[in-house]
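The data block below is query-v4.cif; it holds mmCIF, all heavy atoms.
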```
data_query
loop_
_atom_site.label_atom_id
_atom_site.label_comp_id
_atom_site.auth_asym_id
_atom_site.auth_seq_id
_atom_site.Cartn_x
_atom_site.Cartn_y
_atom_site.Cartn_z
N MET A 1 10.00 288.77 68.21
CA MET A 1 10.87 289.26 69.27
C MET A 1 10.34 288.74 70.61
O MET A 1 9.14 288.74 70.85
CB MET A 1 10.92 290.79 69.24
CG MET A 1 11.98 291.35 70.13
SD MET A 1 12.16 293.14 69.99
CE MET A 1 13.02 293.26 68.45
N ILE A 2 11.20 288.36 71.50
CA ILE A 2 10.83 287.84 72.81
C ILE A 2 10.51 289.01 73.74
O ILE A 2 11.16 290.06 73.67
CB ILE A 2 11.98 287.00 73.40
CG1 ILE A 2 12.26 285.79 72.50
CG2 ILE A 2 11.65 286.54 74.81
CD1 ILE A 2 13.47 285.00 72.90
N ALA A 3 9.55 288.82 74.62
CA ALA A 3 9.18 289.86 75.57
C ALA A 3 10.40 290.32 76.35
O ALA A 3 11.21 289.51 76.80
CB ALA A 3 8.11 289.34 76.53
N GLY A 4 10.56 291.63 76.48
CA GLY A 4 11.69 292.17 77.22
C GLY A 4 12.89 292.49 76.36
O GLY A 4 13.80 293.16 76.79
N GLU A 5 12.89 292.01 75.11
CA GLU A 5 14.01 292.31 74.21
C GLU A 5 13.81 293.68 73.61
O GLU A 5 12.70 294.15 73.46
CB GLU A 5 14.09 291.29 73.07
CG GLU A 5 14.66 289.98 73.47
CD GLU A 5 14.89 289.07 72.26
OE1 GLU A 5 14.58 289.46 71.13
OE2 GLU A 5 15.36 287.95 72.49
N VAL A 6 14.89 294.29 73.24
CA VAL A 6 14.86 295.58 72.58
C VAL A 6 15.65 295.43 71.30
O VAL A 6 16.65 294.72 71.26
CB VAL A 6 15.48 296.68 73.48
CG1 VAL A 6 15.53 298.00 72.76
CG2 VAL A 6 14.69 296.81 74.77
N GLY A 7 15.22 296.10 70.25
CA GLY A 7 15.88 296.00 68.96
C GLY A 7 17.33 296.46 69.01
O GLY A 7 17.84 296.88 70.05
N ILE A 8 17.99 296.43 67.87
CA ILE A 8 19.41 296.76 67.76
C ILE A 8 19.75 298.11 68.37
O ILE A 8 20.75 298.27 69.03
CB ILE A 8 19.85 296.72 66.28
CG1 ILE A 8 19.77 295.30 65.75
CG2 ILE A 8 21.25 297.28 66.10
CD1 ILE A 8 19.98 295.19 64.27
N HIS A 9 18.87 299.08 68.17
CA HIS A 9 19.16 300.43 68.65
C HIS A 9 18.47 300.74 69.97
O HIS A 9 18.41 301.88 70.38
CB HIS A 9 18.77 301.47 67.59
CG HIS A 9 19.54 301.29 66.32
ND1 HIS A 9 20.88 301.59 66.23
CD2 HIS A 9 19.18 300.80 65.12
CE1 HIS A 9 21.31 301.30 65.01
NE2 HIS A 9 20.30 300.82 64.32
N GLY A 10 17.96 299.72 70.65
CA GLY A 10 17.29 299.92 71.92
C GLY A 10 18.26 300.25 73.02
O GLY A 10 19.47 300.19 72.86
N SER A 11 17.73 300.62 74.16
CA SER A 11 18.60 301.05 75.24
C SER A 11 18.65 300.09 76.42
O SER A 11 19.33 300.36 77.39
CB SER A 11 18.15 302.43 75.73
OG SER A 11 16.83 302.34 76.24
N LYS A 12 17.93 298.98 76.35
CA LYS A 12 17.94 298.05 77.47
C LYS A 12 19.30 297.38 77.56
O LYS A 12 19.81 296.85 76.59
CB LYS A 12 16.86 297.00 77.30
CG LYS A 12 16.73 296.10 78.51
CD LYS A 12 15.53 295.20 78.40
CE LYS A 12 15.40 294.37 79.65
NZ LYS A 12 14.24 293.52 79.62
N LYS A 13 19.90 297.41 78.75
CA LYS A 13 21.22 296.80 78.93
C LYS A 13 21.07 295.31 79.18
O LYS A 13 20.20 294.87 79.90
CB LYS A 13 21.94 297.44 80.12
CG LYS A 13 22.33 298.87 79.88
CD LYS A 13 23.13 299.40 81.04
CE LYS A 13 23.58 300.81 80.75
NZ LYS A 13 24.44 301.32 81.80
N GLN A 14 21.95 294.54 78.57
CA GLN A 14 21.96 293.10 78.78
C GLN A 14 22.91 292.81 79.93
O GLN A 14 24.07 293.22 79.89
CB GLN A 14 22.44 292.39 77.51
CG GLN A 14 22.43 290.90 77.64
CD GLN A 14 22.86 290.22 76.34
OE1 GLN A 14 23.11 290.88 75.35
NE2 GLN A 14 22.93 288.92 76.36
N PRO A 15 22.44 292.11 80.94
CA PRO A 15 23.33 291.81 82.06
C PRO A 15 24.34 290.72 81.71
O PRO A 15 23.99 289.72 81.09
CB PRO A 15 22.37 291.32 83.15
CG PRO A 15 21.21 290.78 82.41
CD PRO A 15 21.10 291.58 81.13
N TYR A 16 25.57 290.96 82.04
CA TYR A 16 26.62 289.96 81.84
C TYR A 16 27.10 289.54 83.22
O TYR A 16 27.37 290.39 84.07
CB TYR A 16 27.79 290.54 81.04
CG TYR A 16 27.38 290.96 79.65
CD1 TYR A 16 27.20 292.29 79.32
CD2 TYR A 16 27.18 290.01 78.65
CE1 TYR A 16 26.82 292.67 78.03
CE2 TYR A 16 26.80 290.37 77.37
CZ TYR A 16 26.62 291.70 77.08
OH TYR A 16 26.25 292.06 75.82
N ASP A 17 27.21 288.25 83.45
CA ASP A 17 27.65 287.80 84.77
C ASP A 17 29.14 288.09 84.96
O ASP A 17 29.87 288.38 84.01
CB ASP A 17 27.32 286.34 85.02
CG ASP A 17 28.03 285.37 84.10
OD1 ASP A 17 29.10 285.71 83.55
OD2 ASP A 17 27.54 284.25 83.95
N ALA A 18 29.58 288.04 86.20
CA ALA A 18 30.96 288.38 86.55
C ALA A 18 31.96 287.49 85.81
O ALA A 18 33.00 287.97 85.37
CB ALA A 18 31.16 288.27 88.06
N GLU A 19 31.63 286.22 85.66
CA GLU A 19 32.54 285.29 84.98
C GLU A 19 32.75 285.71 83.52
O GLU A 19 33.88 285.69 83.02
CB GLU A 19 31.98 283.87 85.06
CG GLU A 19 32.90 282.83 84.48
CD GLU A 19 32.34 281.41 84.62
OE1 GLU A 19 31.27 281.23 85.22
OE2 GLU A 19 33.01 280.49 84.13
N PHE A 20 31.69 286.10 82.84
CA PHE A 20 31.80 286.53 81.44
C PHE A 20 32.64 287.80 81.36
O PHE A 20 33.53 287.92 80.52
CB PHE A 20 30.42 286.77 80.84
CG PHE A 20 30.47 287.25 79.41
CD1 PHE A 20 30.60 286.35 78.37
CD2 PHE A 20 30.41 288.61 79.11
CE1 PHE A 20 30.66 286.78 77.06
CE2 PHE A 20 30.48 289.05 77.81
CZ PHE A 20 30.61 288.14 76.78
N ARG A 21 32.36 288.77 82.22
CA ARG A 21 33.10 290.04 82.19
C ARG A 21 34.58 289.82 82.46
O ARG A 21 35.44 290.36 81.75
CB ARG A 21 32.51 291.01 83.23
CG ARG A 21 31.11 291.47 82.87
CD ARG A 21 30.64 292.59 83.75
NE ARG A 21 30.76 292.33 85.16
CZ ARG A 21 29.77 291.97 85.96
NH1 ARG A 21 28.56 291.83 85.47
NH2 ARG A 21 29.97 291.76 87.24
N GLU A 22 34.89 289.01 83.45
CA GLU A 22 36.30 288.74 83.77
C GLU A 22 36.99 288.03 82.61
O GLU A 22 38.14 288.33 82.28
CB GLU A 22 36.39 287.89 85.03
CG GLU A 22 35.99 288.65 86.28
CD GLU A 22 35.84 287.74 87.49
OE1 GLU A 22 36.21 286.55 87.42
OE2 GLU A 22 35.34 288.23 88.52
N GLY A 23 36.29 287.09 81.99
CA GLY A 23 36.88 286.36 80.87
C GLY A 23 37.15 287.28 79.68
O GLY A 23 38.18 287.16 79.02
N ALA A 24 36.24 288.19 79.42
CA ALA A 24 36.41 289.13 78.30
C ALA A 24 37.63 290.01 78.53
O ALA A 24 38.45 290.22 77.63
CB ALA A 24 35.16 289.98 78.13
N VAL A 25 37.77 290.52 79.73
CA VAL A 25 38.93 291.36 80.06
C VAL A 25 40.22 290.54 79.99
O VAL A 25 41.23 290.99 79.47
CB VAL A 25 38.76 292.00 81.46
CG1 VAL A 25 40.03 292.71 81.89
CG2 VAL A 25 37.58 292.97 81.44
N ARG A 26 40.16 289.31 80.47
CA ARG A 26 41.33 288.44 80.44
C ARG A 26 41.80 288.20 79.01
O ARG A 26 43.01 288.19 78.73
CB ARG A 26 41.01 287.11 81.12
CG ARG A 26 42.22 286.23 81.32
CD ARG A 26 41.92 284.95 82.09
NE ARG A 26 41.38 285.22 83.41
CZ ARG A 26 40.14 284.90 83.80
NH1 ARG A 26 39.31 284.27 82.99
NH2 ARG A 26 39.73 285.19 85.01
N ILE A 27 40.87 288.04 78.09
CA ILE A 27 41.24 287.83 76.68
C ILE A 27 42.03 289.03 76.17
O ILE A 27 43.07 288.87 75.52
CB ILE A 27 39.99 287.60 75.81
CG1 ILE A 27 39.35 286.25 76.15
CG2 ILE A 27 40.35 287.66 74.32
CD1 ILE A 27 37.97 286.05 75.54
N VAL A 28 41.57 290.23 76.47
CA VAL A 28 42.27 291.44 76.01
C VAL A 28 43.67 291.51 76.61
O VAL A 28 44.66 291.73 75.90
CB VAL A 28 41.47 292.72 76.37
CG1 VAL A 28 42.27 293.97 76.04
CG2 VAL A 28 40.14 292.73 75.64
N ILE A 29 43.76 291.27 77.90
CA ILE A 29 45.05 291.39 78.59
C ILE A 29 46.03 290.31 78.14
O ILE A 29 47.19 290.60 77.82
CB ILE A 29 44.85 291.34 80.12
CG1 ILE A 29 44.10 292.59 80.57
CG2 ILE A 29 46.19 291.22 80.85
CD1 ILE A 29 43.61 292.53 82.01
N GLU A 30 45.58 289.06 78.12
CA GLU A 30 46.48 287.95 77.83
C GLU A 30 46.87 287.84 76.36
O GLU A 30 47.98 287.40 76.05
CB GLU A 30 45.88 286.64 78.33
CG GLU A 30 45.81 286.56 79.84
CD GLU A 30 45.20 285.26 80.36
OE1 GLU A 30 44.78 284.41 79.54
OE2 GLU A 30 45.13 285.12 81.59
N THR A 31 45.98 288.21 75.45
CA THR A 31 46.30 288.07 74.03
C THR A 31 46.90 289.33 73.44
O THR A 31 47.53 289.27 72.39
CB THR A 31 45.04 287.70 73.20
OG1 THR A 31 44.12 288.80 73.24
CG2 THR A 31 44.40 286.42 73.70
N GLY A 32 46.67 290.46 74.10
CA GLY A 32 47.15 291.72 73.57
C GLY A 32 46.32 292.23 72.39
O GLY A 32 46.68 293.21 71.75
N LYS A 33 45.21 291.54 72.10
CA LYS A 33 44.34 291.99 71.01
C LYS A 33 43.68 293.30 71.40
O LYS A 33 43.39 293.53 72.57
CB LYS A 33 43.25 290.95 70.72
CG LYS A 33 43.72 289.67 70.10
CD LYS A 33 42.52 288.76 69.83
CE LYS A 33 42.93 287.44 69.22
NZ LYS A 33 41.75 286.58 68.99
N PRO A 34 43.39 294.14 70.41
CA PRO A 34 42.69 295.40 70.72
C PRO A 34 41.26 295.14 71.19
O PRO A 34 40.62 294.17 70.77
CB PRO A 34 42.69 296.16 69.39
CG PRO A 34 43.35 295.29 68.39
CD PRO A 34 43.74 294.00 69.03
N VAL A 35 40.77 296.02 72.05
CA VAL A 35 39.42 295.89 72.58
C VAL A 35 38.37 295.74 71.47
O VAL A 35 37.51 294.85 71.57
CB VAL A 35 39.08 297.08 73.52
CG1 VAL A 35 37.60 297.12 73.87
CG2 VAL A 35 39.92 297.00 74.79
N PRO A 36 38.40 296.56 70.41
CA PRO A 36 37.37 296.40 69.38
C PRO A 36 37.36 295.01 68.73
O PRO A 36 36.30 294.47 68.41
CB PRO A 36 37.73 297.47 68.34
CG PRO A 36 38.49 298.50 69.11
CD PRO A 36 39.25 297.72 70.15
N GLU A 37 38.53 294.41 68.56
CA GLU A 37 38.60 293.08 67.95
C GLU A 37 37.98 292.03 68.87
O GLU A 37 37.20 291.18 68.43
CB GLU A 37 40.06 292.72 67.65
CG GLU A 37 40.22 291.40 66.94
CD GLU A 37 41.68 291.09 66.60
OE1 GLU A 37 42.49 292.03 66.48
OE2 GLU A 37 41.99 289.90 66.48
N VAL A 38 38.32 292.07 70.14
CA VAL A 38 37.77 291.11 71.10
C VAL A 38 36.27 291.32 71.25
O VAL A 38 35.49 290.37 71.30
CB VAL A 38 38.49 291.20 72.46
CG1 VAL A 38 37.83 290.30 73.49
CG2 VAL A 38 39.96 290.85 72.31
N ALA A 39 35.86 292.58 71.31
CA ALA A 39 34.43 292.89 71.43
C ALA A 39 33.65 292.29 70.27
O ALA A 39 32.60 291.67 70.46
CB ALA A 39 34.23 294.39 71.49
N GLU A 40 34.16 292.43 69.06
CA GLU A 40 33.48 291.88 67.89
C GLU A 40 33.39 290.36 67.99
O GLU A 40 32.34 289.78 67.70
CB GLU A 40 34.21 292.27 66.62
CG GLU A 40 33.51 291.80 65.36
CD GLU A 40 34.21 292.22 64.09
OE1 GLU A 40 35.03 293.15 64.12
OE2 GLU A 40 33.92 291.60 63.05
N GLU A 41 34.45 289.73 68.42
CA GLU A 41 34.46 288.27 68.56
C GLU A 41 33.42 287.79 69.57
O GLU A 41 32.85 286.72 69.44
CB GLU A 41 35.85 287.79 69.00
CG GLU A 41 36.91 287.95 67.93
CD GLU A 41 38.31 287.63 68.42
OE1 GLU A 41 38.48 287.26 69.61
OE2 GLU A 41 39.24 287.74 67.61
N LEU A 42 33.18 288.61 70.60
CA LEU A 42 32.23 288.24 71.65
C LEU A 42 30.82 288.77 71.40
O LEU A 42 29.92 288.52 72.20
CB LEU A 42 32.74 288.76 73.00
CG LEU A 42 34.05 288.17 73.49
CD1 LEU A 42 34.52 288.86 74.75
CD2 LEU A 42 33.93 286.67 73.70
N GLY A 43 30.65 289.53 70.33
CA GLY A 43 29.33 290.07 70.03
C GLY A 43 28.95 291.26 70.88
O GLY A 43 27.78 291.50 71.15
N LEU A 44 29.96 292.01 71.33
CA LEU A 44 29.74 293.19 72.15
C LEU A 44 30.12 294.44 71.38
O LEU A 44 30.88 294.38 70.43
CB LEU A 44 30.63 293.14 73.41
CG LEU A 44 30.54 291.92 74.30
CD1 LEU A 44 31.62 291.97 75.35
CD2 LEU A 44 29.18 291.86 74.94
N SER A 45 29.65 295.58 71.88
CA SER A 45 30.16 296.82 71.30
C SER A 45 31.49 297.11 71.97
O SER A 45 31.71 296.75 73.13
CB SER A 45 29.17 297.97 71.55
OG SER A 45 29.22 298.37 72.91
N PRO A 46 32.41 297.76 71.26
CA PRO A 46 33.70 298.08 71.86
C PRO A 46 33.55 298.91 73.14
O PRO A 46 34.31 298.72 74.09
CB PRO A 46 34.42 298.87 70.76
CG PRO A 46 33.80 298.36 69.50
CD PRO A 46 32.35 298.10 69.84
N GLY A 47 32.59 299.81 73.16
CA GLY A 47 32.38 300.64 74.36
C GLY A 47 32.00 299.83 75.57
O GLY A 47 32.43 300.09 76.68
N THR A 48 31.17 298.80 75.36
CA THR A 48 30.76 297.94 76.46
C THR A 48 31.96 297.21 77.05
O THR A 48 32.14 297.17 78.26
CB THR A 48 29.72 296.91 75.98
OG1 THR A 48 28.56 297.62 75.53
CG2 THR A 48 29.33 295.95 77.08
N LEU A 49 32.80 296.68 76.20
CA LEU A 49 33.97 295.95 76.69
C LEU A 49 34.96 296.91 77.32
O LEU A 49 35.55 296.60 78.34
CB LEU A 49 34.62 295.16 75.57
CG LEU A 49 35.85 294.31 75.95
CD1 LEU A 49 35.54 293.40 77.13
CD2 LEU A 49 36.33 293.51 74.76
N HIS A 50 35.13 298.06 76.73
CA HIS A 50 36.08 299.04 77.27
C HIS A 50 35.69 299.43 78.69
O HIS A 50 36.53 299.55 79.57
CB HIS A 50 36.15 300.27 76.39
CG HIS A 50 37.17 301.25 76.83
ND1 HIS A 50 36.87 302.29 77.67
CD2 HIS A 50 38.49 301.35 76.57
CE1 HIS A 50 37.98 303.00 77.91
NE2 HIS A 50 38.97 302.44 77.23
N ASN A 51 34.39 299.62 78.92
CA ASN A 51 33.93 300.01 80.26
C ASN A 51 34.18 298.91 81.25
O ASN A 51 34.45 299.12 82.39
CB ASN A 51 32.44 300.35 80.24
CG ASN A 51 32.17 301.64 79.52
OD1 ASN A 51 33.02 302.51 79.42
ND2 ASN A 51 30.97 301.76 79.01
#
```
Mind turning the file's structure into structure tokens?
Amino acid sequence: MIAGEVGIHGSKKQPYDAEFREGAVRIVIETGKPVPEVAEELGLSPGTLHN
């Protein structure tokens, strides 16, 4: 494990830049796909994308 990483159940938040966040939201809006589906495709938890 790399220094600073936390395991699957860790609590350290991974920072996502504004471009990534905007793109993720755009995918949900433009495709009409459900948040959980898009989140899985991007490797995020549905709650993270929903927020």
Selected by the PyMOL selection byres (((chain A and resi 28 and name CA) around 12) and name CA) in the shown coordinates: which residues, as a list in words?
->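 Selected by the PyMOL selection byres (((chain A and resi 28 and name CA) around 12) and name CA) in this file: Arg21, Glu22, Gly23, Ala24, Val25, Arg26, Ile27, Ile29, Glu30, Thr31, Gly32, Lys33, Pro34, Val35, Pro36, Glu37, Val38, Ala39, Glu40, Glu41, Leu42, Pro46, Leu49 and His50 of chain A.
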What gap, in Å, lies between atom OE2 of Glu19 of chain A and atom CA of Gly47 of chain A?
->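 So the answer is 22.4 Å.
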Atom N of Ala18 of chain A to atom O of Gly43 of chain A, straight-line distance in Å = 15.5 Å
Could you please determine the separation between atom O of Pro15 of chain A and atom CG of Leu44 of chain A in Å, to one decimal place?
->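 That distance, rounded to one decimal, is 9.7 Å.
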For segment 24-39 of chain A, what centre and edge lengths in Å (one decimal) does the axis-aligned box get once 4 Å is added on each side of all its listed atoms, as lines of an AutoDock Vina configuration file?
```
center_x = 40.3
center_y = 291.4
center_z = 75.7
size_x = 23.4
size_y = 22.2
size_z = 26.5
```
